[in-house]
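Text of structure.txt (compact mmCIF, C-alpha atoms and all ligand atoms) as supplied:
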```txt
# COMPACT_ATOMS: atom_id res chain seq x y z
CA MET N 2 12.05 -35.26 109.70
CA SER N 3 12.04 -32.10 111.72
CA GLY N 4 12.33 -32.84 115.43
CA GLU N 5 11.47 -36.06 117.17
CA PRO N 6 8.88 -38.16 115.33
CA ASN N 7 5.52 -38.59 117.03
CA LEU N 8 5.97 -42.34 117.55
CA LYS N 9 3.71 -44.80 119.33
CA VAL N 10 4.94 -48.37 119.77
CA PHE N 11 2.40 -51.12 120.40
CA ASP N 12 3.17 -54.59 121.78
CA THR N 13 0.98 -56.24 119.15
CA SER N 14 -0.51 -55.46 115.77
CA ASP N 15 -3.95 -55.95 117.33
CA GLN N 16 -3.29 -53.08 119.74
CA LEU N 17 -1.98 -50.96 116.86
CA ALA N 18 -5.13 -51.67 114.83
CA ILE N 19 -7.33 -50.61 117.75
CA ALA N 20 -5.37 -47.37 118.11
CA ALA N 21 -5.65 -46.67 114.38
CA ALA N 22 -9.41 -47.34 114.43
CA GLU N 23 -9.76 -45.04 117.45
CA LEU N 24 -7.80 -42.37 115.54
CA PHE N 25 -10.22 -42.71 112.60
CA VAL N 26 -13.20 -42.29 114.95
CA ALA N 27 -11.62 -39.31 116.72
CA CYS N 28 -10.70 -37.53 113.48
CA ALA N 29 -14.15 -38.22 112.03
CA SER N 30 -15.83 -36.83 115.12
CA GLU N 31 -13.63 -33.72 115.12
CA SER N 32 -14.03 -32.91 111.43
CA GLN N 33 -17.76 -33.67 111.34
CA GLY N 34 -18.20 -31.41 114.34
CA GLU N 35 -16.81 -28.60 112.21
CA SER N 36 -18.12 -29.37 108.73
CA ASN N 37 -20.21 -32.53 108.86
CA ARG N 38 -17.72 -33.98 106.36
CA PHE N 39 -14.78 -36.28 107.07
CA CYS N 40 -12.43 -36.84 104.16
CA VAL N 41 -10.01 -39.70 104.66
CA ALA N 42 -7.47 -41.22 102.27
CA LEU N 43 -6.93 -44.91 102.93
CA SER N 44 -3.74 -46.81 102.33
CA GLY N 45 -3.63 -50.21 100.72
CA GLY N 46 -1.47 -53.23 101.25
CA LYS N 47 -1.83 -55.77 104.05
CA THR N 48 -1.23 -53.75 107.23
CA PRO N 49 -4.35 -51.58 107.35
CA LYS N 50 -6.82 -54.40 106.54
CA GLN N 51 -7.21 -55.23 110.24
CA VAL N 52 -7.99 -51.56 110.96
CA TYR N 53 -10.71 -51.46 108.31
CA GLU N 54 -12.19 -54.73 109.62
CA LEU N 55 -12.25 -53.29 113.14
CA LEU N 56 -14.03 -50.14 111.93
CA ALA N 57 -16.73 -52.39 110.48
CA THR N 58 -17.43 -54.07 113.84
CA ASP N 59 -20.46 -52.90 115.84
CA ASP N 60 -18.26 -51.41 118.58
CA PHE N 61 -16.64 -49.02 116.12
CA GLN N 62 -19.05 -48.51 113.26
CA ARG N 63 -21.82 -47.19 115.53
CA ARG N 64 -19.42 -44.43 116.64
CA VAL N 65 -19.05 -43.04 113.13
CA ASN N 66 -21.57 -40.92 111.23
CA TRP N 67 -20.98 -42.70 107.92
CA SER N 68 -23.31 -40.38 106.00
CA GLY N 69 -20.67 -37.65 106.31
CA VAL N 70 -17.63 -39.83 105.62
CA HIS N 71 -15.90 -39.54 102.25
CA LEU N 72 -13.48 -42.40 101.57
CA PHE N 73 -10.64 -41.74 99.17
CA PHE N 74 -7.59 -43.84 98.35
CA GLY N 75 -3.94 -42.86 98.69
CA ASP N 76 -3.07 -45.09 95.79
CA GLU N 77 -4.30 -47.97 93.69
CA ARG N 78 -2.87 -50.69 91.58
CA ALA N 79 -3.69 -50.46 87.86
CA VAL N 80 -6.08 -53.39 88.06
CA PRO N 81 -9.88 -53.73 87.98
CA PRO N 82 -11.78 -53.31 91.27
CA ASP N 83 -12.45 -57.06 91.50
CA HIS N 84 -8.78 -57.99 91.06
CA PRO N 85 -7.11 -59.71 94.06
CA GLU N 86 -4.48 -56.94 94.15
CA SER N 87 -6.99 -54.08 94.13
CA ASN N 88 -6.81 -51.84 97.21
CA PHE N 89 -10.47 -51.00 96.62
CA LYS N 90 -11.38 -54.70 96.67
CA MET N 91 -9.60 -55.12 100.01
CA VAL N 92 -11.27 -52.05 101.58
CA ASP N 93 -14.67 -52.96 100.12
CA ALA N 94 -14.55 -56.45 101.63
CA ALA N 95 -13.18 -55.26 104.99
CA LEU N 96 -15.22 -52.09 105.47
CA ILE N 97 -17.27 -50.50 102.68
CA SER N 98 -19.62 -53.45 102.19
CA LYS N 99 -20.32 -53.57 105.95
CA VAL N 100 -21.11 -49.96 106.87
CA ALA N 101 -23.85 -47.52 105.87
CA ILE N 102 -21.64 -45.19 103.84
CA PRO N 103 -23.49 -43.71 100.84
CA GLY N 104 -22.14 -45.12 97.57
CA GLU N 105 -21.46 -41.63 96.25
CA ASN N 106 -19.13 -41.03 99.20
CA VAL N 107 -16.75 -43.79 98.12
CA HIS N 108 -14.25 -42.35 95.69
CA ARG N 109 -12.23 -45.16 94.24
CA ILE N 110 -9.36 -44.79 91.83
CA LYS N 111 -10.44 -46.48 88.59
CA GLY N 112 -7.59 -48.93 88.25
CA GLU N 113 -9.30 -50.55 85.28
CA LEU N 114 -8.56 -47.46 83.16
CA GLU N 115 -5.24 -46.81 81.45
CA PRO N 116 -3.11 -45.38 84.36
CA GLU N 117 -2.71 -41.84 82.98
CA ALA N 118 -6.47 -41.68 82.36
CA ALA N 119 -7.17 -43.06 85.84
CA ALA N 120 -4.88 -40.42 87.34
CA GLY N 121 -6.57 -37.64 85.38
CA GLN N 122 -10.03 -38.86 86.31
CA TYR N 123 -9.11 -39.12 90.00
CA GLU N 124 -7.60 -35.66 89.96
CA ALA N 125 -10.91 -34.36 88.56
CA THR N 126 -12.73 -36.18 91.36
CA LEU N 127 -10.49 -34.54 93.95
CA ARG N 128 -10.77 -31.09 92.36
CA PHE N 129 -14.56 -31.43 92.53
CA ALA N 130 -14.52 -32.70 96.12
CA PHE N 131 -12.13 -29.96 97.24
CA ALA N 132 -13.39 -27.26 94.87
CA GLY N 133 -11.82 -23.87 95.41
CA GLN N 134 -8.92 -25.19 97.46
CA PRO N 135 -5.32 -25.01 96.20
CA TRP N 136 -4.73 -28.50 97.56
CA PRO N 137 -7.05 -31.22 98.87
CA LEU N 138 -7.22 -31.01 102.67
CA PHE N 139 -7.69 -34.55 103.88
CA ASP N 140 -8.76 -34.75 107.51
CA LEU N 141 -6.83 -38.01 107.84
CA VAL N 142 -4.46 -40.00 105.66
CA PHE N 143 -3.36 -43.52 106.50
CA LEU N 144 0.04 -44.42 105.07
CA GLY N 145 2.08 -47.60 104.90
CA LEU N 146 5.82 -48.07 104.65
CA GLY N 147 7.31 -50.33 102.01
CA GLU N 148 10.59 -52.15 102.67
CA ASP N 149 12.18 -49.89 100.06
CA GLY N 150 10.94 -46.80 101.88
CA HIS N 151 8.02 -46.10 99.55
CA THR N 152 4.69 -44.84 100.80
CA ALA N 153 1.41 -44.75 98.93
CA SER N 154 2.79 -45.55 95.47
CA LEU N 155 5.59 -43.01 95.67
CA PHE N 156 8.67 -45.10 94.99
CA PRO N 157 12.30 -44.02 95.45
CA GLY N 158 13.64 -42.14 92.45
CA SER N 159 10.30 -42.04 90.65
CA GLU N 160 9.03 -39.14 88.54
CA ALA N 161 5.82 -39.21 90.62
CA LEU N 162 7.85 -38.48 93.76
CA ARG N 163 9.06 -35.23 92.19
CA GLU N 164 5.58 -34.12 91.06
CA GLN N 165 4.77 -30.77 92.67
CA VAL N 166 1.81 -29.60 90.56
CA ARG N 167 -0.49 -32.50 89.80
CA TRP N 168 -2.56 -34.03 92.57
CA VAL N 169 -2.52 -37.56 91.16
CA ALA N 170 0.14 -39.33 89.12
CA ALA N 171 0.56 -42.58 87.23
CA THR N 172 3.67 -44.52 88.19
CA ARG N 173 5.09 -48.00 88.43
CA ASN N 174 6.44 -50.24 91.18
CA PRO N 175 10.06 -50.56 90.03
CA GLU N 176 10.41 -54.00 91.61
CA THR N 177 7.33 -55.64 90.13
CA GLN N 178 6.81 -53.25 87.19
CA GLN N 179 3.16 -53.11 88.30
CA GLU N 180 1.53 -49.86 87.14
CA ARG N 181 0.08 -47.74 89.93
CA ILE N 182 -1.87 -44.53 90.48
CA THR N 183 -0.92 -42.42 93.48
CA LEU N 184 -1.63 -39.19 95.32
CA THR N 185 1.38 -36.93 94.98
CA LEU N 186 3.63 -35.68 97.75
CA PRO N 187 2.18 -32.15 98.02
CA VAL N 188 -1.31 -33.64 98.41
CA LEU N 189 -0.18 -35.95 101.19
CA ASN N 190 1.77 -33.14 102.87
CA HIS N 191 -1.32 -30.94 103.00
CA ALA N 192 -3.21 -33.46 105.14
CA LYS N 193 -4.47 -32.25 108.49
CA HIS N 194 -3.46 -35.54 110.06
CA ALA N 195 -1.38 -38.41 108.68
CA ALA N 196 -0.59 -41.70 110.36
CA PHE N 197 1.93 -44.28 109.20
CA LEU N 198 0.89 -47.79 110.20
CA VAL N 199 3.96 -50.07 110.28
CA VAL N 200 3.91 -53.69 111.39
CA GLY N 201 6.46 -56.46 111.31
CA ARG N 202 10.11 -57.17 111.94
CA ASN N 203 10.66 -57.08 108.18
CA LYS N 204 10.10 -53.31 108.35
CA ALA N 205 12.47 -52.73 111.31
CA GLN N 206 15.59 -51.91 109.31
CA ARG N 207 13.81 -49.51 107.01
CA LEU N 208 11.82 -47.84 109.82
CA SER N 209 15.00 -47.27 111.80
CA GLY N 210 16.62 -45.67 108.77
CA VAL N 211 13.63 -43.49 107.98
CA LEU N 212 13.21 -42.21 111.53
CA SER N 213 16.86 -41.81 112.45
CA ASP N 214 18.19 -40.23 109.28
CA THR N 215 16.61 -36.95 110.26
CA GLN N 216 18.18 -34.75 107.61
CA SER N 217 17.68 -36.98 104.60
CA HIS N 218 14.84 -36.47 102.17
CA ASN N 219 15.91 -39.40 100.02
CA LEU N 220 13.22 -41.89 100.82
CA PRO N 221 9.59 -41.18 99.97
CA ALA N 222 8.50 -41.87 103.55
CA GLN N 223 10.98 -39.22 104.72
CA ALA N 224 9.47 -36.70 102.33
CA ILE N 225 6.18 -36.88 104.23
CA ARG N 226 6.52 -33.58 106.11
CA LEU N 227 3.08 -32.13 106.71
CA GLU N 228 2.77 -28.41 105.91
CA SER N 229 0.79 -27.78 109.08
CA GLY N 230 -0.84 -31.08 109.97
CA LYS N 231 -0.01 -33.70 112.56
CA LEU N 232 2.12 -36.67 111.50
CA GLU N 233 2.37 -39.72 113.68
CA TRP N 234 3.82 -43.18 113.44
CA LEU N 235 1.92 -46.17 114.84
CA VAL N 236 4.30 -49.12 114.86
CA ASP N 237 4.34 -52.55 116.48
CA ALA N 238 7.19 -53.98 118.57
CA GLY N 239 8.56 -55.96 115.63
CA ALA N 240 8.86 -52.91 113.41
CA ALA N 241 10.30 -50.92 116.34
CA SER N 242 12.84 -53.61 117.25
CA LEU N 243 15.81 -51.63 115.90
CA LEU N 244 14.81 -48.20 117.23
C1 LIG P 1 -0.06 -50.30 98.44
C2 LIG P 1 0.17 -49.32 99.56
C3 LIG P 1 1.62 -49.32 99.91
C4 LIG P 1 1.71 -50.06 101.22
C5 LIG P 1 3.12 -50.45 101.57
C6 LIG P 1 3.13 -51.35 102.80
O1 LIG P 1 -0.89 -50.02 97.56
O2 LIG P 1 0.56 -51.37 98.51
O3 LIG P 1 -0.34 -48.15 99.41
O4 LIG P 1 2.21 -48.07 100.07
O5 LIG P 1 1.15 -49.24 102.24
O6 LIG P 1 3.66 -51.14 100.46
O7 LIG P 1 2.36 -52.49 102.47
P1 LIG P 1 2.04 -53.65 103.56
O8 LIG P 1 1.10 -53.03 104.54
O9 LIG P 1 1.41 -54.74 102.74
O10 LIG P 1 3.36 -54.02 104.17
```

What do you get writing this file as structure tokens?
Ligand code: 6PG
Amino acid sequence: MSGEPNLKVFDTSDQLAIAAAELFVACASESQGESNRFCVALSGGKTPKQVYELLATDDFQRRVNWSGVHLFFGDERAVPPDHPESNFKMVDAALISKVAIPGENVHRIKGELEPEAAAGQYEATLRFAFAGQPWPLFDLVFLGLGEDGHTASLFPGSEALREQVRWVAATRNPETQQERITLTLPVLNHAKHAAFLVVGRNKAQRLSGVLSDTQSHNLPAQAIRLESGKLEWLVDAGAASLL
């Protein structure tokens, strides 16, 4: 990680969620001021759910022009959209079903398809949405940090982590063997703004290793080095307890 990480530590996960929701609103306002389109890739897992729920509250949702928001996903589990482990299901319940975003602006990864087919179909979706661009330029990407140092569904040592041409790859969680579909590293690194959201003492050891081991590229989270965008880390006191 070149230079000091842009790190913000929050006393509580509630405060972190508010900051992340404010970041979403600010990035949406900035990008829609320029192009009336805000393309955001959402992370899955448990941490960001509170952020999505906040964005759906009146205080936040009235500050976003949802007609110009395009929701994408950083990764998805290879399960149907109504499966309890589906990232889409989580985001739909927390946010999509509660705001006036046009259905055609929600670009879910079709986890119900065979993973390679889902990856190919999502890549086609991205190439249409970002037609004419060498890489998708997301205005904002939310990322999580796994205890093994993975982010999105880029797991340590995986083929997907080494992918430098395709925009979307099929992969597998080595611990659970669950098949996944994920944006690839070059796509994530072309984001204009990326924010890791990390909560919990259980992440403290890994976060300390990721942020302090400045020269290593080993862990997927350390390979997030934006080409020209702004990377920041929003962490709570528990996750920051070993920094
Ligand atoms: C997923 C996420 C994954 C997640 C981390 C952290 O699909 O699970 O994309 O990368 O962000 O595993 O997950 P928690 O927020 O649940 O700790």

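Counting from CA of Gly150 (chain N), the distance to CA of Lys111 (chain N) is 25.2 Å.
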
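Shortest separation to Pro187 (chain N) among N:Asp140, N:Asp93, N:Glu164, N:Glu86 occurs at residue N:Glu164, atoms counted being all atoms listed in the file.
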
Note to self: Give me the residues near region 174-179 of chain N as a list of chain:residue names, where near means some atom within 8 Å (using all atoms listed in the file) and where sequence neighbours in that chain fewer than 3 positions away do not count.
What the structure shows: N:Arg78, N:Ala79, N:Ser154, N:Phe156

Region 14-31 of chain N: axis-aligned bounding box, 3 Å on each side, centre and edge lengths in Å, one decimal, as AutoDock Vina command-line options:
```
--center_x -8.2 --center_y -44.8 --center_z 115.9 --size_x 21.3 --size_y 28.2 --size_z 13.7
```

Check: Do you know which residues are within 6 Å of ligand LIG 1 (chain P) using all atoms listed in the file? Can you write them as a VMD selection string?
Finding: chain N and resid 44 to 48 76 to 77 144 to 147 152 to 154

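Of the listed residues (N:Met91, N:Ala42, N:Leu17, N:Ala27), N:Ala42 comes nearest to His71 (chain N); the distances count all atoms listed in the file.
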
Notebook entry, point to check: Which of these, N:Gly210, N:Arg167, N:Asn219, N:Arg226, has the shortest distance to His191 (chain N) once you count all atoms listed in the file?
Noted result: N:Arg226

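Across the structure, CA of Glu105 (chain N) and CA of Leu186 (chain N) are spaced 25.8 Å apart.
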
Checklist line | region 123-136 of chain N environment, 12 Å, only C-alpha atoms, sequence neighbours closer than 3 positions dropped, as a PyMOL selection string | finding: chain N and resi 38-42+71-77+105-112+114+116-120+139-140+165-171+182-193+228

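Atom pair CA of Leu138 (chain N) / CA of Leu96 (chain N): separated by 22.7 Å.
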
So which residues are close to (-14.8, -41.4, 116.5), meaning at most 9 Å away in the file's coordinates with only C-alpha atoms counted, and can you show them as a compact mmCIF listing (two decimals) with C-alpha atoms, in the frame of the given file?
```txt
# COMPACT_ATOMS: atom_id res chain seq x y z
CA ALA N 22 -9.41 -47.34 114.43
CA GLU N 23 -9.76 -45.04 117.45
CA LEU N 24 -7.80 -42.37 115.54
CA PHE N 25 -10.22 -42.71 112.60
CA VAL N 26 -13.20 -42.29 114.95
CA ALA N 27 -11.62 -39.31 116.72
CA CYS N 28 -10.70 -37.53 113.48
CA ALA N 29 -14.15 -38.22 112.03
CA SER N 30 -15.83 -36.83 115.12
CA GLU N 31 -13.63 -33.72 115.12
CA PHE N 61 -16.64 -49.02 116.12
CA GLN N 62 -19.05 -48.51 113.26
CA ARG N 64 -19.42 -44.43 116.64
CA VAL N 65 -19.05 -43.04 113.13
CA ASN N 66 -21.57 -40.92 111.23
```

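Nearest to Leu43 (chain N) of all the residues N:Glu148, N:Ile225, N:Asn88, N:Leu232 is N:Asn88, counting all atoms listed in the file.
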
Notebook entry, point to check: What lies within 7 Å of Trp67 (chain N) using only C-alpha atoms, ignoring chain neighbours under 2 positions off, as a PyMOL selection string?
Noted result: chain N and resi 65+69-70+101-102

Store the residues of this selection in a file with C-alpha atoms, as a PDB file, in the coordinates of the input.
```pdb
ATOM      1  CA  VAL N  65     -19.050 -43.040 113.130  1.00  0.00           C
ATOM      2  CA  GLY N  69     -20.670 -37.650 106.310  1.00  0.00           C
ATOM      3  CA  VAL N  70     -17.630 -39.830 105.620  1.00  0.00           C
ATOM      4  CA  ALA N 101     -23.850 -47.520 105.870  1.00  0.00           C
ATOM      5  CA  ILE N 102     -21.640 -45.190 103.840  1.00  0.00           C
TER       6      ILE N 102
END
```

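Take the candidates N:Asn7, N:Lys50, N:Leu227, N:Ser159 and check each one against Phe89 (chain N) using all atoms listed in the file; the shortest distance goes to N:Lys50.
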
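Among the candidates N:Ala240, N:Ala161, N:Ala195, N:Ser213, the one nearest to Phe143 (chain N) when counting only C-alpha atoms is N:Ala195.
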